[in-house]
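Quick notes on the structure that follows.
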Amino acid sequence: MTTFAPSPAATGVTVVREPGKPAVLHTPAFDTMAEAAAWLSDRRADVQAELHRSGAVLLRGLPVTDAATFAEARDALIAERAGYKEKATPRTDFGEGVFSSTDLPAAQPIRLHNENSYTLDFPGVLLFGCVTAPETGGATTVGDMRKALAALPQDLVDRFAEAGWLLVRNYSDLAGMPWRKAFSSDEPAGAEEYCDAHAIGYEWLDEDTLRTRQRRSAIITHPVTGERVWFNHFAFWNARSLDEDVREVLTDTFGEDGLPFQTLLGDGTTLTDAEVDAVNDAYQAVTVRETWQSGDLMLVDNILCAHGRESYTGDRKILVAMGEPVPLSACSPTTAPSTAPYGR
């Protein structure tokens, strides 16, 4: 175990690093959230420096008990809020930019991913907060995407660097996310307007079913640290990553082209099972976790670090807020965003 004090100004701040865990910053005890928020605000620069170093920092010892106290901590740590665009999973909205981390079933683990990696601007920072810790499991896993990029086979990195990755989504009321919720519009024209403005190709299969296609860079550069990272949902939404039984049911029901999500290399090539496995293996190699305790916060640099979730038992209430929006154009993408596969 190693410790690191960010600066002399950060009196009482100690960051603990242990193998297999994210960096943990132990805070003093506070009687009120107002006192804690003032302390966090005074040390925002030190926390930010550690975030750029480690990619994720868990803050332990704060009096975070509900959405209101979580929002106070968010405002002390994050200067600008960011929205949740092109929605993909159900969340509960608690107001003031505070959401449930996800409302997916407890038995379903969530693979590592970078939030909104498929949009033209995305949250630079995520803040998670534990109001109720689960009985077992349920950690918000994180992984350093600098290390993931280094762990990938070089030939695969080169192909993704040139062509990017391609996301195909089918929005319907039967599977995945209905387009009205994903695009926050009740009118087809509203969804079309969004797609036209955000480099997303689309076609209506019927009045309630929308198919979209968008090519994005798989590798970007952090605008502050200057480090290249693996930044995408390629493996997360690839059919190969699905449980075999789930994949079979979805394919039998909707067909190969009708899956709620599918990903390809940016030129439209379907990668082999071994190539998709290599990406998932890189994620697995960099995954770290820490068991949630009530009151914990975890600040995640959404570019440097991907996040996921373990399955769990018992009650679990983890809140999330998004902030410090970053445009893709500020991250030196290796592939330009487009509505079509690379080279077409």
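Scheme for the structure tokens: letters A, B, ... for chains in order shown; per-chain residue numbers from 1; ligand numbers from 1 in order shown.
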
What are the nearest atom pairs, with distances in Å to one decimal, for all residues of range 75-164 of chain A that come at most 12 Å from range 207-216 of chain A, using only C-alpha atoms, set out by chain and rising residue number as a Markdown table?
| residue | atom | partner | partner_atom | distance |
| --- | --- | --- | --- | --- |
| A:Glu86 | CA | A:Thr212 | CA | 11.1 |
| A:Asn116 | CA | A:Arg216 | CA | 11.2 |
| A:Ser117 | CA | A:Arg216 | CA | 8.3 |
| A:Tyr118 | CA | A:Arg216 | CA | 6.3 |
| A:Thr119 | CA | A:Arg216 | CA | 8.2 |
| A:Leu120 | CA | A:Arg216 | CA | 8.6 |
| A:Asp121 | CA | A:Arg216 | CA | 11.5 |
| A:Phe160 | CA | A:Arg216 | CA | 10.0 |
| A:Ala161 | CA | A:Arg216 | CA | 10.4 |
| A:Glu162 | CA | A:Arg216 | CA | 10.9 |
| A:Ala163 | CA | A:Arg215 | CA | 8.7 |
| A:Gly164 | CA | A:Arg216 | CA | 5.6 |

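Here CA of Pro153 in chain A and CA of Asp273 in chain A stand 14.4 Å from one another.
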
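Proximity ranking of A:Ala49, A:Cys331, A:Leu319, A:Leu126 relative to Ala306 in chain A places A:Leu126 first, based on only C-alpha atoms.
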
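Neighbours of Ser217 in chain A closer than or equal to 6 Å, with only C-alpha atoms counted and sequence neighbours fewer than 3 positions away skipped, come out as Gly164, Pro333, Thr334 and Thr335 of chain A.
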
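The space separating CA of Asn232 in chain A from CA of Met145 in chain A comes to 10.0 Å.
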
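For the choices A:Thr89, A:Thr291, A:Ser172, A:Thr221, the atom-to-atom distance to Arg146 in chain A is smallest for A:Thr221 when using only C-alpha atoms.
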
Pick out the closest residue to Tyr202 in chain A from this set: A:Lys85, A:Arg180, A:His222, A:Arg169. Count only C-alpha atoms. A:Arg169
